[in-house]
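Structure data follow from input_25.txt (compact mmCIF, C-alpha atoms):
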# COMPACT_ATOMS: atom_id res chain seq x y z
CA MET H 1 -4.05 20.10 -11.90
CA LYS H 2 -5.10 17.98 -14.87
CA ARG H 3 -3.08 14.94 -13.68
CA ILE H 4 -4.02 15.40 -10.01
CA GLN H 5 -7.78 15.19 -10.46
CA PRO H 6 -8.02 11.46 -11.31
CA ALA H 7 -5.68 10.62 -8.46
CA LEU H 8 -7.72 12.78 -6.10
CA THR H 9 -10.94 11.03 -7.10
CA ALA H 10 -9.37 7.62 -6.61
CA ALA H 11 -7.90 8.69 -3.27
CA LEU H 12 -11.25 9.95 -2.02
CA PHE H 13 -12.96 6.76 -3.15
CA ALA H 14 -10.30 4.55 -1.55
CA ALA H 15 -10.28 6.56 1.68
CA ALA H 16 -14.04 6.42 2.00
CA LEU H 17 -14.04 2.67 1.38
CA ALA H 18 -11.22 2.18 3.86
CA VAL H 19 -13.30 3.96 6.51
CA SER H 20 -16.25 1.73 5.64
CA ALA H 21 -14.04 -1.36 5.80
CA GLN H 22 -12.72 -0.43 9.27
CA THR H 23 -16.24 -0.48 10.58
CA ALA H 24 -18.03 -3.70 9.65
CA GLY H 25 -17.94 -2.84 5.96
CA PRO H 26 -20.82 -1.25 4.10
CA THR H 27 -24.28 -2.72 4.54
CA ASP H 28 -26.28 -3.95 1.57
CA PRO H 29 -28.33 -0.71 1.40
CA GLN H 30 -25.06 1.26 1.50
CA ILE H 31 -23.55 -0.97 -1.22
CA ALA H 32 -26.64 -0.32 -3.35
CA ALA H 33 -26.13 3.44 -2.98
CA ILE H 34 -22.41 3.12 -3.79
CA VAL H 35 -23.14 1.06 -6.92
CA VAL H 36 -25.78 3.45 -8.23
CA THR H 37 -23.64 6.52 -7.47
CA ALA H 38 -20.46 5.04 -9.00
CA ASN H 39 -22.35 4.21 -12.19
CA GLN H 40 -24.03 7.62 -12.33
CA VAL H 41 -20.66 9.35 -12.03
CA ASP H 42 -19.46 7.47 -15.11
CA ILE H 43 -22.73 8.08 -16.98
CA ASP H 44 -22.42 11.83 -16.41
CA ALA H 45 -18.78 11.88 -17.54
CA GLY H 46 -19.63 9.72 -20.57
CA LYS H 47 -22.40 12.11 -21.61
CA LEU H 48 -19.97 15.01 -21.37
CA ALA H 49 -17.41 13.12 -23.47
CA GLN H 50 -20.04 12.41 -26.12
CA SER H 51 -21.01 16.06 -26.38
CA ARG H 52 -17.60 17.69 -25.93
CA SER H 53 -15.01 15.47 -27.57
CA THR H 54 -14.15 15.73 -31.25
CA ASN H 55 -12.26 12.40 -31.18
CA LYS H 56 -14.38 9.53 -32.54
CA ASP H 57 -12.75 6.98 -30.20
CA VAL H 58 -13.40 9.12 -27.12
CA LYS H 59 -16.99 9.79 -28.21
CA ALA H 60 -17.52 6.04 -28.74
CA PHE H 61 -16.00 5.27 -25.35
CA GLY H 62 -18.23 7.88 -23.69
CA LYS H 63 -21.28 6.36 -25.41
CA MET H 64 -20.27 2.89 -24.20
CA MET H 65 -19.91 4.23 -20.63
CA VAL H 66 -23.40 5.73 -20.76
CA THR H 67 -24.94 2.57 -22.22
CA ASP H 68 -23.14 0.04 -20.02
CA HIS H 69 -23.38 1.94 -16.74
CA THR H 70 -27.05 2.78 -17.35
CA GLY H 71 -27.62 -0.96 -17.80
CA VAL H 72 -25.84 -1.77 -14.54
CA ASN H 73 -27.88 0.87 -12.72
CA LYS H 74 -31.12 -0.55 -14.13
CA SER H 75 -30.12 -4.01 -12.89
CA ALA H 76 -29.14 -2.65 -9.47
CA VAL H 77 -32.36 -0.66 -9.09
CA ALA H 78 -34.45 -3.65 -10.20
CA LEU H 79 -32.70 -5.85 -7.66
CA VAL H 80 -33.05 -3.47 -4.71
CA THR H 81 -36.70 -2.91 -5.65
CA LYS H 82 -37.28 -6.68 -5.73
CA LEU H 83 -35.51 -7.08 -2.38
CA HIS H 84 -37.34 -4.08 -0.86
CA VAL H 85 -33.99 -2.49 -0.02
CA LYS H 86 -33.73 1.28 -0.03
CA PRO H 87 -30.24 2.50 -1.03
CA GLU H 88 -28.74 4.23 2.00
CA ASP H 89 -26.59 7.30 1.55
CA ASN H 90 -23.17 6.97 3.13
CA PRO H 91 -19.77 8.70 3.12
CA THR H 92 -18.49 6.58 0.23
CA ALA H 93 -21.46 7.39 -2.02
CA GLU H 94 -21.22 11.06 -1.03
CA SER H 95 -17.48 11.16 -1.80
CA LEU H 96 -18.09 9.49 -5.16
CA LYS H 97 -20.75 12.04 -6.02
CA LYS H 98 -18.49 14.94 -5.00
CA GLY H 99 -15.55 13.48 -6.94
CA GLY H 100 -17.76 13.05 -10.00
CA GLU H 101 -19.00 16.63 -9.77
CA ASP H 102 -15.44 17.92 -9.36
CA ASN H 103 -14.30 15.86 -12.38
CA ILE H 104 -17.12 17.24 -14.57
CA LYS H 105 -16.35 20.78 -13.44
CA GLN H 106 -12.66 20.34 -14.31
CA LEU H 107 -13.39 18.62 -17.64
CA LYS H 108 -15.70 21.47 -18.67
CA THR H 109 -12.70 23.82 -18.56
CA LEU H 110 -10.88 21.77 -21.22
CA LYS H 111 -11.21 21.45 -24.99
CA GLY H 112 -9.84 19.29 -27.76
CA SER H 113 -7.03 16.86 -27.02
CA ALA H 114 -6.61 18.25 -23.48
CA PHE H 115 -10.23 17.27 -22.74
CA ASP H 116 -9.80 13.84 -24.34
CA LYS H 117 -6.62 13.08 -22.41
CA ALA H 118 -8.01 14.26 -19.06
CA TYR H 119 -11.25 12.30 -19.58
CA ILE H 120 -9.45 9.07 -20.51
CA ASP H 121 -6.84 9.47 -17.75
CA HIS H 122 -9.68 9.84 -15.26
CA GLU H 123 -11.48 6.80 -16.66
CA VAL H 124 -8.38 4.64 -16.17
CA VAL H 125 -7.91 5.73 -12.56
CA TYR H 126 -11.64 5.63 -11.80
CA HIS H 127 -12.22 2.14 -13.18
CA GLN H 128 -9.17 0.81 -11.32
CA ALA H 129 -10.45 2.33 -8.08
CA VAL H 130 -13.93 0.90 -8.67
CA LEU H 131 -12.50 -2.56 -9.38
CA ASP H 132 -10.39 -2.40 -6.22
CA ALA H 133 -13.48 -1.41 -4.23
CA VAL H 134 -15.61 -4.14 -5.80
CA ASP H 135 -12.97 -6.80 -5.07
CA LYS H 136 -11.80 -5.69 -1.63
CA THR H 137 -14.89 -4.17 -0.05
CA LEU H 138 -18.18 -4.47 -1.91
CA ILE H 139 -18.24 -8.17 -2.83
CA PRO H 140 -16.80 -9.30 0.54
CA SER H 141 -19.27 -7.07 2.45
CA ALA H 142 -22.41 -7.95 0.50
CA GLN H 143 -24.66 -10.09 2.65
CA ASN H 144 -27.44 -10.73 0.14
CA ALA H 145 -26.52 -13.49 -2.31
CA GLU H 146 -28.30 -11.77 -5.24
CA LEU H 147 -26.51 -8.47 -4.59
CA LYS H 148 -23.18 -10.28 -4.37
CA ALA H 149 -24.01 -12.16 -7.60
CA LEU H 150 -24.82 -8.86 -9.38
CA LEU H 151 -21.49 -7.39 -8.32
CA ILE H 152 -19.67 -10.50 -9.55
CA LYS H 153 -21.66 -10.47 -12.80
CA VAL H 154 -20.86 -6.83 -13.68
CA ARG H 155 -17.19 -7.00 -12.65
CA PRO H 156 -15.97 -8.22 -16.10
CA ALA H 157 -17.54 -5.15 -17.73
CA PHE H 158 -15.52 -2.89 -15.42
CA VAL H 159 -12.37 -4.83 -16.33
CA ALA H 160 -13.18 -4.41 -20.05
CA HIS H 161 -13.79 -0.67 -19.53
CA LEU H 162 -10.46 -0.32 -17.75
CA GLU H 163 -8.61 -2.16 -20.52
CA HIS H 164 -10.33 -0.11 -23.23
CA ALA H 165 -9.51 3.14 -21.41
CA LYS H 166 -5.87 2.03 -21.04
CA GLN H 167 -5.70 1.35 -24.80
CA LEU H 168 -7.01 4.85 -25.55
CA GLN H 169 -4.62 6.32 -23.00
CA ALA H 170 -1.69 4.54 -24.69
CA LYS H 171 -2.80 5.95 -28.08
CA PHE H 172 -2.77 9.48 -26.66
CA GLU H 173 0.64 8.97 -25.06
CA LYS H 174 2.01 7.59 -28.34
CA LYS H 175 0.67 10.62 -30.25
CA ALA H 176 2.17 13.01 -27.71
CA ALA H 177 5.62 11.39 -27.95

How does this structure look as structure tokens?
Amino acid sequence: MKRIQPALTAALFAAALAVSAQTAGPTDPQIAAIVVTANQVDIDAGKLAQSRSTNKDVKAFGKMMVTDHTGVNKSAVALVTKLHVKPEDNPTAESLKKGGEDNIKQLKTLKGSAFDKAYIDHEVVYHQAVLDAVDKTLIPSAQNAELKALLIKVRPAFVAHLEHAKQLQAKFEKKAA
């Protein structure tokens, strides 16, 4: 179950985005909701990692997730407020929220190195899925130039998060071997 959860979250995210892409792609208000929800999912998991992990690297990573994703959400909310766009709930945002809740629920059952490994494994899969969605669906579907520019601007942070999570994952795998 511990290895299935990240894959399940990614699969739900990808499936929901694929459905959106088959229609005309998500609208700007839907993209806004997806962005805010995706960031909130990582903020919630990061807060849990900060409070639950005993590994200094995992705690630091969780803190970085909270800080960075809170910043992205502030930028996104400021932009949609400026543009008078109300984020519109949609199946992708709902599936992200459900996947995030399921991840937190599962992580809360773990302690110590099992928690750390499951959290980092999820972060690797989650950030890859988010990057795929940003590249293949969100940026191409964004109609507003400022929204598209925000997505392009924050993309490198998601890449850096993915690489950092992969480094931590490799450390855990090396320790386990």

- Item | Pick from H:Ala45, H:Ala129, H:Ala38, H:Ala33 nearest to H:Phe115, counting only C-alpha atoms | H:Ala45

- Of the residues H:Ser53, H:Thr92, H:Asn39, H:Thr137, which is the one nearest to H:Ser75, using all atoms listed in the file?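 When distances to H:Ser75 are compared using all atoms listed in the file, the smallest one comes from H:Asn39.
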
- What separation in Å, quoted to one decimal, exists between atom CA of H:Lys166 and atom CA of H:Ala76? 26.4 Å

- Task: Considering all atoms listed in the file, state which residue in the set H:Gly46, H:Pro140, H:Pro26, H:Pro156 is at the smallest distance from H:His122.
- Result: H:Gly46

- Counting all atoms listed in the file, closest pick from H:His164, H:Lys175, H:Phe158, H:Ile31 relative to H:Val80 is H:Ile31

- Query: When distances are computed from all atoms listed in the file, which of H:Val66, H:Ala118, H:Ala142, H:Leu147 shows the smallest separation from H:Gly25?
  - Reply: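 Using all atoms listed in the file, the shortest distance to H:Gly25 belongs to H:Ala142.
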
Centre and edges of the stretch 121-132 of chain H box, axis-aligned, 5 Å extra per side, as JSON:
{"center_x": -10.4, "center_y": 3.6, "center_z": -12.0, "size_x": 17.1, "size_y": 22.4, "size_z": 21.5}

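Closest approach to H:Leu131 among H:Ile104, H:Leu110, H:Leu150, H:Ala157: H:Ala157, based on only C-alpha atoms.
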
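Taking atom CA of H:Asp121 and atom CA of H:Lys74 as the two end points, the separation is 26.5 Å.
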
- Message: I'd like the contact shell of H:Lys47 - 9 Å cut-off, all atoms listed in the file, skipping same-chain residues fewer than 4 positions apart - returned as a list in words.
- Response: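 The filter keeps Asp42, Ile43, Ser51, Arg52, Lys59, Gly62, Lys63, Met65 and Val66 of chain H.
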
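Rounded to one decimal, atom CA of H:Ala170 and atom CA of H:Lys117 lie 10.1 Å from each other.
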
- List every protein, DNA or RNA residue that has at least one atom no more than 10 Å from (-21.1, -0.3, -2.3) in the file's coordinates, counting all atoms listed in the file, and write the result as a PyMOL selection string. chain H and resi 17+20+25-38+87-88+90+92-93+130+133-134+137-139+141-142+151

What would stretch 49-60 of chain H look like with all heavy atoms in place, written as a PDB file, in the coordinates of the input?
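Below you can see out14.pdb, which holds the result:
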ATOM      1  N   ALA H  49     -18.369  13.516 -22.426  1.00  0.00           N
ATOM      2  CA  ALA H  49     -17.410  13.120 -23.470  1.00  0.00           C
ATOM      3  C   ALA H  49     -18.102  13.033 -24.831  1.00  0.00           C
ATOM      4  O   ALA H  49     -17.539  13.459 -25.846  1.00  0.00           O
ATOM      5  CB  ALA H  49     -16.756  11.789 -23.122  1.00  0.00           C
ATOM      6  N   GLN H  50     -19.308  12.516 -24.860  1.00  0.00           N
ATOM      7  CA  GLN H  50     -20.040  12.410 -26.120  1.00  0.00           C
ATOM      8  C   GLN H  50     -20.313  13.790 -26.722  1.00  0.00           C
ATOM      9  O   GLN H  50     -20.223  13.972 -27.935  1.00  0.00           O
ATOM     10  CB  GLN H  50     -21.381  11.701 -25.908  1.00  0.00           C
ATOM     11  CG  GLN H  50     -21.267  10.210 -25.751  1.00  0.00           C
ATOM     12  CD  GLN H  50     -22.627   9.589 -25.575  1.00  0.00           C
ATOM     13  OE1 GLN H  50     -23.182   9.583 -24.486  1.00  0.00           O
ATOM     14  NE2 GLN H  50     -23.182   9.091 -26.650  1.00  0.00           N
ATOM     15  N   SER H  51     -20.645  14.742 -25.872  1.00  0.00           N
ATOM     16  CA  SER H  51     -21.010  16.060 -26.380  1.00  0.00           C
ATOM     17  C   SER H  51     -19.806  16.970 -26.613  1.00  0.00           C
ATOM     18  O   SER H  51     -19.860  17.867 -27.442  1.00  0.00           O
ATOM     19  CB  SER H  51     -21.997  16.743 -25.426  1.00  0.00           C
ATOM     20  OG  SER H  51     -21.351  17.079 -24.212  1.00  0.00           O
ATOM     21  N   ARG H  52     -18.709  16.749 -25.898  1.00  0.00           N
ATOM     22  CA  ARG H  52     -17.600  17.690 -25.930  1.00  0.00           C
ATOM     23  C   ARG H  52     -16.406  17.247 -26.767  1.00  0.00           C
ATOM     24  O   ARG H  52     -15.696  18.078 -27.319  1.00  0.00           O
ATOM     25  CB  ARG H  52     -17.146  17.940 -24.497  1.00  0.00           C
ATOM     26  CG  ARG H  52     -16.428  19.235 -24.309  1.00  0.00           C
ATOM     27  CD  ARG H  52     -16.452  19.549 -22.818  1.00  0.00           C
ATOM     28  NE  ARG H  52     -15.917  20.833 -22.540  1.00  0.00           N
ATOM     29  CZ  ARG H  52     -16.620  21.942 -22.410  1.00  0.00           C
ATOM     30  NH1 ARG H  52     -17.918  21.911 -22.559  1.00  0.00           N
ATOM     31  NH2 ARG H  52     -16.044  23.076 -22.136  1.00  0.00           N
ATOM     32  N   SER H  53     -16.186  15.950 -26.856  1.00  0.00           N
ATOM     33  CA  SER H  53     -15.010  15.470 -27.570  1.00  0.00           C
ATOM     34  C   SER H  53     -15.211  15.566 -29.081  1.00  0.00           C
ATOM     35  O   SER H  53     -16.330  15.461 -29.575  1.00  0.00           O
ATOM     36  CB  SER H  53     -14.711  14.015 -27.198  1.00  0.00           C
ATOM     37  OG  SER H  53     -13.573  13.563 -27.916  1.00  0.00           O
ATOM     38  N   THR H  54     -14.114  15.763 -29.789  1.00  0.00           N
ATOM     39  CA  THR H  54     -14.150  15.730 -31.250  1.00  0.00           C
ATOM     40  C   THR H  54     -13.445  14.467 -31.762  1.00  0.00           C
ATOM     41  O   THR H  54     -13.374  14.237 -32.959  1.00  0.00           O
ATOM     42  CB  THR H  54     -13.454  16.982 -31.848  1.00  0.00           C
ATOM     43  OG1 THR H  54     -12.129  17.061 -31.326  1.00  0.00           O
ATOM     44  CG2 THR H  54     -14.228  18.241 -31.496  1.00  0.00           C
ATOM     45  N   ASN H  55     -12.961  13.640 -30.827  1.00  0.00           N
ATOM     46  CA  ASN H  55     -12.260  12.400 -31.180  1.00  0.00           C
ATOM     47  C   ASN H  55     -13.282  11.260 -31.226  1.00  0.00           C
ATOM     48  O   ASN H  55     -13.979  11.002 -30.242  1.00  0.00           O
ATOM     49  CB  ASN H  55     -11.185  12.132 -30.120  1.00  0.00           C
ATOM     50  CG  ASN H  55     -10.398  10.878 -30.392  1.00  0.00           C
ATOM     51  OD1 ASN H  55     -10.945   9.784 -30.449  1.00  0.00           O
ATOM     52  ND2 ASN H  55      -9.090  11.043 -30.540  1.00  0.00           N
ATOM     53  N   LYS H  56     -13.354  10.577 -32.377  1.00  0.00           N
ATOM     54  CA  LYS H  56     -14.380   9.530 -32.540  1.00  0.00           C
ATOM     55  C   LYS H  56     -14.211   8.401 -31.526  1.00  0.00           C
ATOM     56  O   LYS H  56     -15.201   7.848 -31.040  1.00  0.00           O
ATOM     57  CB  LYS H  56     -14.403   9.002 -33.962  1.00  0.00           C
ATOM     58  CG  LYS H  56     -13.187   8.215 -34.403  1.00  0.00           C
ATOM     59  CD  LYS H  56     -13.345   7.675 -35.820  1.00  0.00           C
ATOM     60  CE  LYS H  56     -12.135   6.919 -36.288  1.00  0.00           C
ATOM     61  NZ  LYS H  56     -11.733   5.785 -35.529  1.00  0.00           N
ATOM     62  N   ASP H  57     -12.976   8.053 -31.170  1.00  0.00           N
ATOM     63  CA  ASP H  57     -12.750   6.980 -30.200  1.00  0.00           C
ATOM     64  C   ASP H  57     -13.224   7.387 -28.804  1.00  0.00           C
ATOM     65  O   ASP H  57     -13.792   6.579 -28.065  1.00  0.00           O
ATOM     66  CB  ASP H  57     -11.265   6.596 -30.154  1.00  0.00           C
ATOM     67  CG  ASP H  57     -10.792   5.938 -31.447  1.00  0.00           C
ATOM     68  OD1 ASP H  57     -11.619   5.325 -32.155  1.00  0.00           O
ATOM     69  OD2 ASP H  57      -9.583   6.031 -31.737  1.00  0.00           O
ATOM     70  N   VAL H  58     -12.973   8.625 -28.435  1.00  0.00           N
ATOM     71  CA  VAL H  58     -13.400   9.120 -27.120  1.00  0.00           C
ATOM     72  C   VAL H  58     -14.919   9.224 -27.072  1.00  0.00           C
ATOM     73  O   VAL H  58     -15.543   8.841 -26.076  1.00  0.00           O
ATOM     74  CB  VAL H  58     -12.722  10.474 -26.794  1.00  0.00           C
ATOM     75  CG1 VAL H  58     -13.291  11.082 -25.516  1.00  0.00           C
ATOM     76  CG2 VAL H  58     -11.212  10.286 -26.676  1.00  0.00           C
ATOM     77  N   LYS H  59     -15.526   9.720 -28.147  1.00  0.00           N
ATOM     78  CA  LYS H  59     -16.990   9.790 -28.210  1.00  0.00           C
ATOM     79  C   LYS H  59     -17.593   8.389 -28.083  1.00  0.00           C
ATOM     80  O   LYS H  59     -18.564   8.191 -27.344  1.00  0.00           O
ATOM     81  CB  LYS H  59     -17.448  10.412 -29.531  1.00  0.00           C
ATOM     82  CG  LYS H  59     -17.343  11.916 -29.593  1.00  0.00           C
ATOM     83  CD  LYS H  59     -17.869  12.392 -30.949  1.00  0.00           C
ATOM     84  CE  LYS H  59     -18.121  13.851 -30.986  1.00  0.00           C
ATOM     85  NZ  LYS H  59     -19.175  14.343 -30.159  1.00  0.00           N
ATOM     86  N   ALA H  60     -17.015   7.420 -28.794  1.00  0.00           N
ATOM     87  CA  ALA H  60     -17.520   6.040 -28.740  1.00  0.00           C
ATOM     88  C   ALA H  60     -17.355   5.457 -27.340  1.00  0.00           C
ATOM     89  O   ALA H  60     -18.252   4.765 -26.834  1.00  0.00           O
ATOM     90  CB  ALA H  60     -16.806   5.180 -29.777  1.00  0.00           C
TER      91      ALA H  60
END
